[in-house]
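Data block for work28.txt (compact mmCIF, C-alpha atoms):
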# COMPACT_ATOMS: atom_id res chain seq x y z
CA MET D 64 -24.41 -28.07 -19.89
CA TYR D 65 -20.70 -27.75 -19.26
CA VAL D 66 -20.22 -27.26 -15.53
CA ILE D 67 -17.05 -26.62 -13.53
CA ILE D 68 -17.14 -27.43 -9.83
CA ILE D 69 -14.43 -26.20 -7.48
CA GLY D 70 -14.10 -28.30 -4.35
CA CYS D 71 -14.71 -32.03 -4.15
CA GLY D 72 -15.89 -32.29 -0.56
CA ARG D 73 -19.28 -33.66 0.39
CA VAL D 74 -21.23 -30.95 -1.42
CA GLY D 75 -18.98 -30.77 -4.46
CA SER D 76 -18.83 -34.52 -5.02
CA GLU D 77 -22.59 -34.91 -4.52
CA LEU D 78 -23.27 -32.11 -7.00
CA ALA D 79 -20.80 -33.57 -9.49
CA LYS D 80 -22.41 -37.00 -9.33
CA LEU D 81 -25.88 -35.49 -9.63
CA LEU D 82 -25.06 -33.40 -12.70
CA SER D 83 -22.95 -36.05 -14.32
CA GLY D 84 -25.73 -38.60 -13.79
CA GLU D 85 -28.11 -36.27 -15.60
CA GLY D 86 -25.78 -36.29 -18.58
CA HIS D 87 -24.04 -32.93 -18.09
CA ASN D 88 -20.34 -32.44 -18.75
CA VAL D 89 -18.67 -31.95 -15.40
CA VAL D 90 -15.13 -30.96 -14.45
CA VAL D 91 -14.23 -31.10 -10.75
CA VAL D 92 -11.23 -29.24 -9.34
CA ASP D 93 -9.75 -29.87 -5.90
CA LYS D 94 -6.42 -29.09 -4.24
CA ASN D 95 -6.25 -32.57 -2.85
CA ARG D 96 -6.18 -35.47 -5.28
CA ALA D 97 -7.53 -37.88 -2.65
CA ALA D 98 -10.79 -35.90 -2.53
CA PHE D 99 -11.78 -37.32 -5.91
CA GLU D 100 -12.30 -40.71 -4.27
CA ARG D 101 -15.65 -39.34 -3.09
CA LEU D 102 -16.83 -39.35 -6.71
CA GLY D 103 -16.91 -43.14 -6.78
CA SER D 104 -16.21 -45.35 -9.75
CA THR D 105 -19.26 -44.41 -11.82
CA PHE D 106 -18.38 -40.71 -12.23
CA ASN D 107 -17.44 -40.09 -15.84
CA GLY D 108 -16.49 -36.41 -15.74
CA LEU D 109 -13.01 -34.91 -15.56
CA THR D 110 -10.94 -34.17 -12.47
CA LEU D 111 -8.11 -31.66 -12.12
CA THR D 112 -5.85 -31.20 -9.10
CA GLY D 113 -5.04 -27.62 -8.16
CA ASN D 114 -6.17 -24.23 -6.97
CA GLY D 115 -9.67 -23.06 -7.92
CA PHE D 116 -8.58 -19.59 -8.97
CA ASP D 117 -5.46 -20.52 -10.87
CA LEU D 118 -6.13 -18.92 -14.27
CA GLU D 119 -4.05 -21.47 -16.20
CA LEU D 120 -5.72 -24.39 -14.49
CA LEU D 121 -9.18 -22.94 -15.10
CA LYS D 122 -8.35 -22.57 -18.78
CA ARG D 123 -7.31 -26.22 -18.86
CA ALA D 124 -10.62 -27.05 -17.18
CA GLY D 125 -12.32 -25.42 -20.17
CA ILE D 126 -13.68 -22.39 -18.35
CA GLU D 127 -13.89 -20.44 -21.59
CA GLN D 128 -16.59 -22.87 -22.80
CA ALA D 129 -18.30 -23.42 -19.45
CA ASP D 130 -22.01 -22.69 -19.04
CA ALA D 131 -21.88 -22.76 -15.28
CA PHE D 132 -19.32 -22.53 -12.49
CA CYS D 133 -19.77 -23.28 -8.82
CA SER D 134 -17.23 -22.91 -6.09
CA VAL D 135 -18.13 -25.08 -3.11
CA THR D 136 -14.89 -25.56 -1.16
CA ASN D 137 -14.97 -25.14 2.61
CA GLY D 138 -13.19 -21.77 2.38
CA ASP D 139 -15.42 -18.72 1.99
CA ASN D 140 -12.71 -16.48 0.65
CA SER D 141 -11.50 -19.04 -1.87
CA ASN D 142 -15.04 -19.49 -3.12
CA LEU D 143 -15.62 -15.76 -3.37
CA ILE D 144 -12.45 -15.26 -5.36
CA SER D 145 -12.95 -18.25 -7.67
CA ALA D 146 -16.48 -17.11 -8.38
CA GLN D 147 -15.39 -13.55 -9.16
CA VAL D 148 -12.63 -14.83 -11.43
CA ALA D 149 -15.18 -16.98 -13.30
CA LYS D 150 -17.65 -14.14 -13.56
CA LYS D 151 -15.43 -11.12 -14.20
CA ILE D 152 -12.41 -12.53 -16.02
CA PHE D 153 -13.94 -15.48 -17.89
CA LYS D 154 -17.54 -14.21 -18.15
CA VAL D 155 -19.11 -17.57 -17.29
CA PRO D 156 -22.90 -17.09 -17.67
CA LYS D 157 -23.94 -18.76 -14.40
CA VAL D 158 -21.68 -18.53 -11.35
CA ILE D 159 -22.46 -19.64 -7.82
CA ALA D 160 -20.36 -19.33 -4.67
CA ARG D 161 -20.90 -21.16 -1.44
CA VAL D 162 -20.32 -18.92 1.59
CA TYR D 163 -20.66 -20.00 5.21
CA ASP D 164 -20.40 -16.57 6.80
CA PRO D 165 -23.79 -14.78 6.55
CA GLN D 166 -22.17 -11.32 6.67
CA ARG D 167 -19.87 -12.01 3.77
CA ALA D 168 -22.79 -13.63 1.94
CA HIS D 169 -24.82 -10.42 2.29
CA ILE D 170 -21.97 -8.16 1.19
CA TYR D 171 -21.16 -10.17 -1.90
CA SER D 172 -24.74 -10.81 -2.96
CA ALA D 173 -25.25 -7.05 -2.77
CA LEU D 174 -22.32 -6.82 -5.19
CA GLY D 175 -24.21 -8.99 -7.66
CA LEU D 176 -22.56 -12.33 -6.98
CA ASP D 177 -24.84 -15.36 -6.78
CA VAL D 178 -24.08 -16.49 -3.25
CA LEU D 179 -25.59 -19.46 -1.46
CA SER D 180 -25.08 -19.54 2.27
CA GLY D 181 -25.69 -22.95 3.75
CA THR D 182 -25.59 -21.31 7.16
CA ILE D 183 -28.47 -18.94 6.39
CA LEU D 184 -30.51 -21.60 4.59
CA PHE D 185 -29.97 -24.23 7.22
CA ALA D 186 -30.75 -21.90 10.11
CA ALA D 187 -33.95 -20.84 8.35
CA MET D 188 -34.89 -24.46 7.69
CA ILE D 189 -34.39 -25.49 11.28
CA ARG D 190 -36.26 -22.47 12.53
CA ASP D 191 -39.16 -23.30 10.23
CA LYS D 192 -39.17 -26.89 11.46
CA ILE D 193 -39.34 -25.74 15.07
CA ILE D 194 -41.54 -22.67 14.95
CA GLU D 195 -43.62 -22.81 11.80
CA THR D 196 -44.40 -26.49 11.51
CA ARG D 197 -46.25 -26.09 8.27
CA PHE D 198 -44.39 -23.19 6.73
CA SER D 199 -41.03 -22.97 5.07
CA GLY D 200 -39.26 -19.96 3.73
CA TYR D 201 -36.16 -21.73 2.49
CA LEU D 202 -37.48 -23.14 -0.77
CA ILE D 203 -37.73 -19.72 -2.29
CA GLU D 204 -34.74 -17.43 -2.03
CA THR D 205 -36.47 -14.32 -0.81
CA LYS D 206 -37.66 -13.14 2.53
CA GLU D 207 -41.04 -12.16 1.09
CA LEU D 208 -42.31 -15.50 -0.12
CA GLY D 209 -42.71 -18.89 1.47
CA VAL D 210 -44.46 -22.20 1.01
CA ILE D 211 -47.19 -23.29 3.38
CA GLU D 212 -48.75 -26.69 3.90
CA ILE D 213 -52.47 -26.81 4.71
CA GLU D 214 -54.41 -29.96 5.64
CA VAL D 215 -57.89 -30.18 4.15
CA LYS D 216 -60.48 -30.68 6.87
CA GLY D 217 -63.74 -29.19 8.12
CA ALA D 218 -65.02 -26.27 6.10
CA LEU D 219 -62.19 -26.51 3.54
CA ALA D 220 -63.45 -29.82 2.16
CA GLY D 221 -65.77 -29.29 -0.77
CA LYS D 222 -64.37 -25.87 -1.67
CA THR D 223 -62.74 -25.19 -5.04
CA ILE D 224 -59.18 -23.92 -5.45
CA ALA D 225 -60.61 -20.64 -6.77
CA GLN D 226 -62.43 -20.17 -3.48
CA VAL D 227 -59.28 -20.85 -1.43
CA ASN D 228 -56.85 -18.63 -3.34
CA ILE D 229 -56.45 -15.08 -2.03
CA PRO D 230 -55.29 -12.79 -4.84
CA GLY D 231 -51.92 -11.24 -4.07
CA GLU D 232 -51.46 -13.26 -0.89
CA LEU D 233 -51.98 -16.98 -1.34
CA LEU D 234 -51.89 -19.28 -4.35
CA VAL D 235 -52.45 -23.02 -4.13
CA THR D 236 -49.90 -24.67 -6.40
CA ALA D 237 -50.24 -28.37 -5.62
CA ILE D 238 -52.51 -30.88 -3.92
CA ILE D 239 -51.05 -33.98 -2.32
CA ARG D 240 -53.56 -36.87 -2.61
CA MET D 241 -52.48 -40.04 -0.90
CA SER D 242 -48.94 -40.15 -2.20
CA SER D 243 -49.43 -38.52 -5.60
CA VAL D 244 -49.18 -34.85 -6.43
CA VAL D 245 -51.75 -32.99 -8.52
CA ILE D 246 -51.33 -29.52 -9.99
CA PRO D 247 -54.84 -28.17 -9.56
CA GLU D 248 -57.18 -26.22 -11.86
CA PRO D 249 -59.18 -23.34 -10.37
CA GLN D 250 -62.31 -25.51 -10.33
CA THR D 251 -60.65 -28.53 -8.70
CA VAL D 252 -62.61 -29.48 -5.58
CA LEU D 253 -60.80 -30.24 -2.33
CA ARG D 254 -61.44 -33.43 -0.41
CA GLU D 255 -60.89 -34.42 3.17
CA LYS D 256 -57.36 -35.71 4.05
CA GLU D 257 -55.67 -33.98 1.14
CA THR D 258 -52.82 -31.58 1.75
CA LEU D 259 -52.42 -28.28 -0.08
CA MET D 260 -49.10 -26.70 -0.91
CA ALA D 261 -49.53 -22.98 -1.37
CA VAL D 262 -47.21 -20.10 -2.10
CA VAL D 263 -47.76 -17.37 0.45
CA LYS D 264 -46.62 -13.80 1.03
CA VAL D 265 -44.75 -13.78 4.34
CA ALA D 266 -46.46 -10.50 5.26
CA SER D 267 -49.84 -12.25 5.10
CA LEU D 268 -48.72 -15.34 6.98
CA ASN D 269 -50.45 -14.62 10.28
CA LYS D 270 -53.71 -13.66 8.63
CA ILE D 271 -53.66 -16.87 6.59
CA LYS D 272 -52.77 -19.08 9.53
CA GLU D 273 -55.72 -17.62 11.39
CA LYS D 274 -58.07 -18.07 8.47
CA PHE D 275 -57.20 -21.75 8.02
CA GLY D 276 -56.92 -22.45 11.73
CA LEU D 277 -53.21 -23.25 11.67
CA GLY D 278 -52.19 -22.53 15.22
CA GLU D 279 -48.60 -22.92 16.28
CA ARG D 280 -48.01 -26.33 17.65
CA MET K 76 -2.88 9.51 7.83
CA ASN K 77 -4.98 6.90 9.50
CA ILE K 78 -3.84 3.46 8.41
CA LEU K 79 -5.39 0.12 9.19
CA ILE K 80 -3.12 -2.90 8.87
CA VAL K 81 -4.43 -6.45 8.75
CA GLY K 82 -1.91 -9.14 9.60
CA ALA K 83 0.88 -8.70 12.14
CA GLY K 84 3.43 -11.04 10.66
CA LYS K 85 6.89 -9.80 9.74
CA VAL K 86 5.56 -7.46 7.06
CA GLY K 87 2.68 -6.07 9.13
CA TYR K 88 4.84 -5.57 12.21
CA PHE K 89 7.63 -3.82 10.33
CA LEU K 90 5.14 -1.68 8.42
CA ALA K 91 3.39 -0.65 11.64
CA LYS K 92 6.67 0.39 13.26
CA ARG K 93 7.71 2.41 10.23
CA LEU K 94 4.35 4.16 9.99
CA ILE K 95 4.30 4.95 13.72
CA ALA K 96 7.79 6.43 13.40
CA ASP K 97 6.43 8.62 10.60
CA LYS K 98 3.67 9.84 12.99
CA HIS K 99 0.79 8.12 11.25
CA THR K 100 -2.16 6.79 13.22
CA VAL K 101 -1.95 3.02 12.99
CA SER K 102 -4.29 0.25 14.08
CA ILE K 103 -3.70 -3.40 13.45
CA ILE K 104 -5.83 -6.56 13.25
CA GLU K 105 -4.28 -9.96 13.90
CA LYS K 106 -5.77 -13.45 14.17
CA ASP K 107 -3.27 -14.83 16.66
CA ARG K 108 -3.98 -13.86 20.26
CA VAL K 109 -0.44 -14.24 21.56
CA THR K 110 0.93 -12.06 18.76
CA CYS K 111 -1.72 -9.47 19.63
CA GLU K 112 -0.74 -9.41 23.28
CA GLU K 113 2.95 -8.98 22.48
CA LEU K 114 2.16 -6.26 19.97
CA ALA K 115 -0.07 -4.37 22.40
CA LYS K 116 2.71 -4.46 24.99
CA GLU K 117 5.33 -3.16 22.61
CA LEU K 118 3.50 -0.61 20.47
CA ASP K 119 1.20 2.15 21.63
CA ILE K 120 -1.50 1.50 19.03
CA LEU K 121 -4.94 -0.07 18.77
CA VAL K 122 -4.51 -3.84 18.39
CA ILE K 123 -7.61 -5.89 17.60
CA HIS K 124 -7.64 -9.65 17.90
CA GLY K 125 -9.83 -11.14 15.18
CA ASP K 126 -10.40 -12.06 11.55
CA GLY K 127 -9.93 -9.08 9.24
CA CYS K 128 -12.44 -10.58 6.79
CA ASP K 129 -15.17 -10.04 9.37
CA PRO K 130 -16.81 -6.62 8.88
CA ARG K 131 -17.46 -6.33 12.63
CA VAL K 132 -13.76 -6.73 13.37
CA LEU K 133 -12.93 -4.09 10.76
CA GLU K 134 -15.42 -1.76 12.40
CA GLU K 135 -13.97 -2.42 15.81
CA ALA K 136 -10.55 -1.52 14.45
CA GLY K 137 -11.94 1.81 13.28
CA ILE K 138 -12.09 1.24 9.53
CA GLU K 139 -14.57 4.09 9.24
CA ARG K 140 -11.83 6.53 10.23
CA ALA K 141 -9.11 4.94 8.10
CA ASP K 142 -7.68 6.53 4.95
CA VAL K 143 -5.91 3.40 3.80
CA ILE K 144 -6.15 -0.29 4.55
CA SER K 145 -3.24 -2.58 3.93
CA ALA K 146 -3.95 -6.29 4.01
CA VAL K 147 -0.59 -7.98 4.50
CA THR K 148 -1.46 -11.42 5.84
CA GLY K 149 0.24 -14.50 4.48
CA ASP K 150 -2.97 -15.58 2.77
CA ASP K 151 -3.83 -14.15 -0.64
CA GLU K 152 -7.52 -15.03 -0.43
CA ASP K 153 -7.80 -13.16 2.87
CA ASN K 154 -5.90 -10.14 1.58
CA LEU K 155 -8.10 -9.85 -1.48
CA VAL K 156 -11.38 -10.28 0.39
CA ILE K 157 -10.28 -7.78 3.06
CA CYS K 158 -9.55 -5.18 0.37
CA GLN K 159 -12.88 -5.84 -1.33
CA ILE K 160 -14.90 -5.60 1.87
CA ALA K 161 -13.07 -2.40 2.82
CA LYS K 162 -13.89 -0.92 -0.54
CA GLU K 163 -17.43 -2.13 -1.07
CA ARG K 164 -18.82 -2.19 2.44
CA PHE K 165 -16.86 0.72 3.96
CA ASN K 166 -16.17 2.81 0.85
CA LEU K 167 -12.46 3.01 1.58
CA ARG K 168 -10.75 4.70 -1.33
CA ARG K 169 -7.30 3.18 -1.11
CA THR K 170 -6.63 -0.50 -0.57
CA VAL K 171 -3.19 -2.06 -0.52
CA GLY K 172 -3.02 -5.84 -0.79
CA ARG K 173 0.00 -8.07 -0.40
CA ILE K 174 0.35 -10.83 -2.94
CA ASN K 175 2.11 -13.91 -1.57
CA ASP K 176 1.85 -16.04 -4.69
CA SER K 177 2.90 -14.16 -7.83
CA LYS K 178 0.37 -16.20 -9.81
CA ASN K 179 -2.38 -14.15 -8.20
CA GLU K 180 -1.14 -10.78 -9.43
CA ARG K 181 -3.68 -10.51 -12.25
CA ILE K 182 -6.58 -11.52 -10.02
CA PHE K 183 -5.70 -8.81 -7.48
CA THR K 184 -5.58 -6.18 -10.21
CA GLU K 185 -8.76 -7.31 -11.95
CA LEU K 186 -10.76 -7.69 -8.77
CA GLY K 187 -10.12 -4.15 -7.67
CA VAL K 188 -7.18 -3.98 -5.25
CA ASP K 189 -5.84 -0.45 -5.76
CA VAL K 190 -2.22 -1.23 -4.98
CA PRO K 191 -1.31 -4.91 -5.30
CA ILE K 192 2.16 -5.57 -3.92
CA ASP K 193 3.89 -8.72 -4.98
CA SER K 194 6.78 -9.05 -2.53
CA THR K 195 8.10 -12.21 -4.14
CA ALA K 196 8.31 -10.58 -7.55
CA ILE K 197 9.95 -7.47 -6.10
CA ILE K 198 12.60 -9.47 -4.25
CA ALA K 199 13.16 -11.77 -7.21
CA LYS K 200 13.64 -8.80 -9.48
CA ILE K 201 16.20 -7.22 -7.19
CA ILE K 202 18.08 -10.47 -6.75
CA LYS K 203 18.03 -11.13 -10.46
CA GLY K 204 19.36 -7.65 -11.15
CA GLU K 205 22.14 -8.01 -8.59
CA ALA K 206 23.03 -11.55 -9.54
CA ALA K 207 23.16 -10.90 -13.26
CA PHE K 208 25.16 -7.66 -12.89
CA GLU K 209 22.72 -6.14 -15.30
CA ASP K 210 23.45 -2.55 -16.18
CA PHE K 211 19.84 -1.60 -15.92
CA VAL K 212 17.94 -2.45 -12.78
CA ASN K 213 14.25 -1.83 -12.32
CA LEU K 214 14.04 -0.71 -8.69
CA MET K 215 10.32 -0.27 -8.39
CA SER K 216 7.12 0.17 -10.37
CA PHE K 217 4.22 2.34 -9.31
CA GLN K 218 1.07 3.94 -10.70
CA ARG K 219 -0.09 0.38 -11.46
CA GLY K 220 3.12 -0.35 -13.29
CA LYS K 221 3.02 2.69 -15.59
CA LEU K 222 6.02 4.39 -14.01
CA VAL K 223 9.28 2.75 -13.02
CA ILE K 224 12.32 3.78 -11.07
CA VAL K 225 15.43 2.38 -12.72
CA ARG K 226 19.10 2.29 -11.86
CA LEU K 227 21.89 2.17 -14.38
CA ASP K 228 25.60 1.72 -13.77
CA LEU K 229 27.04 3.86 -16.56
CA PRO K 230 29.28 1.65 -18.73
CA GLU K 231 32.73 3.00 -19.59
CA ASP K 232 31.77 3.56 -23.19
CA SER K 233 28.57 5.43 -22.32
CA PRO K 234 27.97 8.33 -24.73
CA VAL K 235 26.96 10.65 -21.88
CA ILE K 236 30.24 10.49 -19.98
CA ASN K 237 31.79 13.94 -19.65
CA LYS K 238 28.55 15.48 -20.91
CA LYS K 239 26.48 17.89 -18.84
CA VAL K 240 23.03 16.79 -17.75
CA MET K 241 21.47 19.71 -19.62
CA ASP K 242 23.06 18.53 -22.86
CA VAL K 243 21.57 15.05 -22.68
CA GLU K 244 18.10 14.81 -24.14
CA LEU K 245 16.02 12.31 -22.18
CA PRO K 246 12.98 10.53 -23.62
CA PRO K 247 9.53 11.96 -22.73
CA ASP K 248 8.26 11.35 -19.18
CA SER K 249 11.74 10.69 -17.86
CA VAL K 250 13.46 12.44 -14.99
CA LEU K 251 16.90 11.96 -13.46
CA VAL K 252 16.51 11.46 -9.72
CA SER K 253 20.05 11.13 -8.48
CA ILE K 254 23.56 10.13 -9.30
CA LEU K 255 25.47 7.86 -6.94
CA ARG K 256 29.17 8.56 -7.21
CA ALA K 257 31.28 6.44 -4.86
CA GLU K 258 29.86 7.27 -1.40
CA GLU K 259 28.26 10.51 -2.54
CA VAL K 260 24.63 11.07 -3.52
CA ILE K 261 24.29 13.86 -6.05
CA VAL K 262 21.03 15.53 -6.98
CA PRO K 263 21.70 16.26 -10.64
CA LYS K 264 21.46 19.83 -11.90
CA GLY K 265 21.87 21.12 -15.44
CA ASN K 266 25.61 21.57 -15.09
CA THR K 267 26.32 18.23 -13.37
CA VAL K 268 28.73 16.23 -15.51
CA PHE K 269 28.35 12.46 -15.91
CA GLN K 270 31.47 10.51 -14.94
CA PRO K 271 32.53 6.90 -15.55
CA SER K 272 31.07 4.40 -13.04
CA ASP K 273 28.30 6.78 -11.98
CA ASP K 274 25.14 5.04 -10.87
CA VAL K 275 22.21 6.90 -12.35
CA ILE K 276 18.74 6.64 -10.88
CA ALA K 277 15.85 7.83 -13.02
CA ILE K 278 12.07 7.71 -13.19
CA THR K 279 10.56 6.87 -16.53
CA SER K 280 7.35 5.57 -18.02
CA VAL K 281 7.43 1.88 -18.82
CA GLY K 282 7.29 2.35 -22.58
CA ASN K 283 10.35 4.63 -22.59
CA GLU K 284 12.66 2.38 -20.60
CA ALA K 285 14.49 1.07 -23.66
CA GLN K 286 14.92 4.58 -25.10
CA LEU K 287 16.35 5.83 -21.80
CA LEU K 288 18.78 2.93 -21.65
CA LYS K 289 19.95 3.64 -25.19
CA ILE K 290 20.60 7.30 -24.42
CA LEU K 291 22.47 6.65 -21.16
CA ALA K 292 24.32 3.46 -22.11
CA GLY K 293 24.55 3.87 -25.85
CA LYS K 294 23.21 0.39 -26.47
CA LEU K 295 20.22 -1.81 -25.69
Same coordinates, now as C-alpha cells:
Amino acid sequence: MYVIIIGCGRVGSELAKLLSGEGHNVVVVDKNRAAFERLGSTFNGLTLTGNGFDLELLKRAGIEQADAFCSVTNGDNSNLISAQVAKKIFKVPKVIARVYDPQRAHIYSALGLDVLSGTILFAAMIRDKIIETRFSGYLIETKELGVIEIEVKGALAGKTIAQVNIPGELLVTAIIRMSSVVIPEPQTVLREKETLMAVVKVASLNKIKEKFGLGER
Amino acid sequence: MNILIVGAGKVGYFLAKRLIADKHTVSIIEKDRVTCEELAKELDILVIHGDGCDPRVLEEAGIERADVISAVTGDDEDNLVICQIAKERFNLRRTVGRINDSKNERIFTELGVDVPIDSTAIIAKIIKGEAAFEDFVNLMSFQRGKLVIVRLDLPEDSPVINKKVMDVELPPDSVLVSILRAEEVIVPKGNTVFQPSDDVIAITSVGNEAQLLKILAGKL
C-alpha cells in the first residue's frame, strides 16, 4: 500500500515506522523538519517538509496514487481539512483523521469522514479498566458491541463452546490456554483455568455478567 | 440581519462596527479574554469569549438565530472548520470565510464555504492595478467570481469618446455603473456623453471582460 501520513509526532512517526516495517510505501509530511528525527535511521520511506493541506505538496507526495491517507498532527482543524482535501479533492480511497475534540469528532463522522478520536477511545479504555474489569468496548468501534473476558471455572468447565454461546448476544471467538490462543470449534470443550474471549452485545452485558457470575470488582 | 462574527482582530472589529452602524444585529466570538473585555466595554453587542470551533460556544453566541456567519480569524483552518460546523451542524445557509493564505482559496471553495474572501489577493490586485497604471482595474469579484466590477480610465484615443452611452453597444451581461469625472460621480443615462479621462466603472461577467475593454478602450 502507498500511504501518506501527515504529522510526524509520536503517533505519526510510530505509524510510519510500523507501516514501513511491514513493507508499505510511506510518505510522511510535517511542518517541522526536525520532527523527522523521530523516524530513526532505519525508516526507508520519504519525508516532505510543509503543510498537510498544501495541494502542490500533496501532489509531490504522490497523493494521486495513494491508497491511504492519515492526518495525525496535534491540530484537530488541520487534520479535518487535510482529510477532506484527500477525500474530496484527490479521492483517496481510505482517509483517516485524528481528532481530539469529541464534539468535532461526532460532527465530522456524521458527515462521513473516518474520524478517530484518541480522547473518546482513551476515556472509554480507562473507564473499562476501572469499572468493567473484564469488558472492553474500545476494540470495536461501535457502542453496541464489546469484548468480554470470562475465566473458566466451576460449572463452565466441561461445557462445549456451543453450549456457552448465546445466539444474537454472545459469541466465543477465542480461548486463551496457558499463553497460546486457540480459535475454537463449536464442539471444543472448555477446561479449568482457560480464559474465553467473547464478542458481546452491550445491551446484554448485565444479563451475561450475571449468568457467568462476573460481579463488578 | 443577524450576523455572527468569529474573530475580533482588525477585520472582525471593523466589520462589527460597520454592521452595527448599518443597524444589523451583531454578536462576536473571540478567543482572547482581554480583547473580549475591551470589546464588550466599547460596543453594545453580545461578546462571547471562547473558541468558535466549539459548537457549544457557537450556540452560546446565538448561532441558531443567525442569518450569516463570518469567520474572520487569522487562522485559515479555524475559519474553514467554523464555516463547516455552522453549515452542517446548525444548517446556516450563508457562510463567509476569510482566507489568510491565498494558497487555500481552492480548498475553501471546494469544501463548501459559500463566500471565501481572500484579503491578500484583493489587496494585491488593487496594489498591482494602481502600481502598474493599468487602464483596466478589476475592483471586485462576486457570485463566486462569475461577475466582476471593473474600472477603466478611458484612454485619449478611446473610440467611445464624444459618443452617447446609448450609442455604445456593450457586450452581454455588462452594465455601466458610474462615470467618475474629476470630482463628480455621474450615474450614466442614455444621453450621457463619454469624455476624455473619464473613469468608467462597469459590472460584467468574467468571460466578457476582454470584449468590454475592447469596446471602451478600442484595444486589448
Problem set entry | Spatial neighbours of Ser216 in chain K, max dist 12 Å, all atoms listed in the file, sep filter under 4 positions, as a PyMOL selection string | chain K and resi 190-193+196-197+200+212+220-225+277-281+284
Problem set entry | Neighbour list for range 110-123 of chain D as number ranges by chain, cut-off 8 Å, all atoms listed in the file, skip fewer than 3 positions in-chain | D: 69-70, 90-96, 99, 126-127, 134, 141, 144-145, 148; K: 178-179
Problem set entry | chain K residues near chain D (8 Å cut-off, all atoms listed in the file) as an MDAnalysis selection string | chainID K and resid 129:130 152:153 155:156 160 163:164 178:179 182 185:186
For this session: May I have the residues within 7 Å of Gly82 in chain K as a PyMOL selection string, using only C-alpha atoms and disregarding those fewer than 3 positions away in the same chain?
Result: chain K and resi 87+104-105+146-148
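From CA of Val162 in chain D back to CA of Val66 in chain D, the distance works out to 19.0 Å.
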For this session: May I ask which of the residues K:Ala161, K:Glu231, K:Leu287, K:Ala83 is the closest one to Val243 in chain K, counting only C-alpha atoms?
Result: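 Counting only C-alpha atoms, the residue closest to Val243 in chain K is K:Leu287.
As for CA of Ala97 in chain D and CA of Asn175 in chain K, they are spaced 25.9 Å apart.
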For this session: Rank nothing, just name the residue among D:Leu277, D:Ser242, D:Tyr163, D:Lys264 nearest to Phe185 in chain D, using only C-alpha atoms.
Result: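 Result for the nearest residue to Phe185 in chain D: D:Tyr163.
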Problem set entry | Separation of CA of Ile213 in chain D from CA of Thr182 in chain D, in Å and rounded to one decimal | 27.5 Å
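Between Arg168 in chain K and the candidates K:Ile144, K:Val122, K:Leu229, K:Met241, the tightest atom-to-atom separation, counting only C-alpha atoms, involves K:Ile144.
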For this session: Please identify all polymer residues lying at most 12 Å from the point (-27.5, -12.2, -8.8) (file coordinates), using only C-alpha atoms, and present the result as an NGL selection string.
Result: :D and (150 or 156-160 or 168-169 or 171-179 or 204)
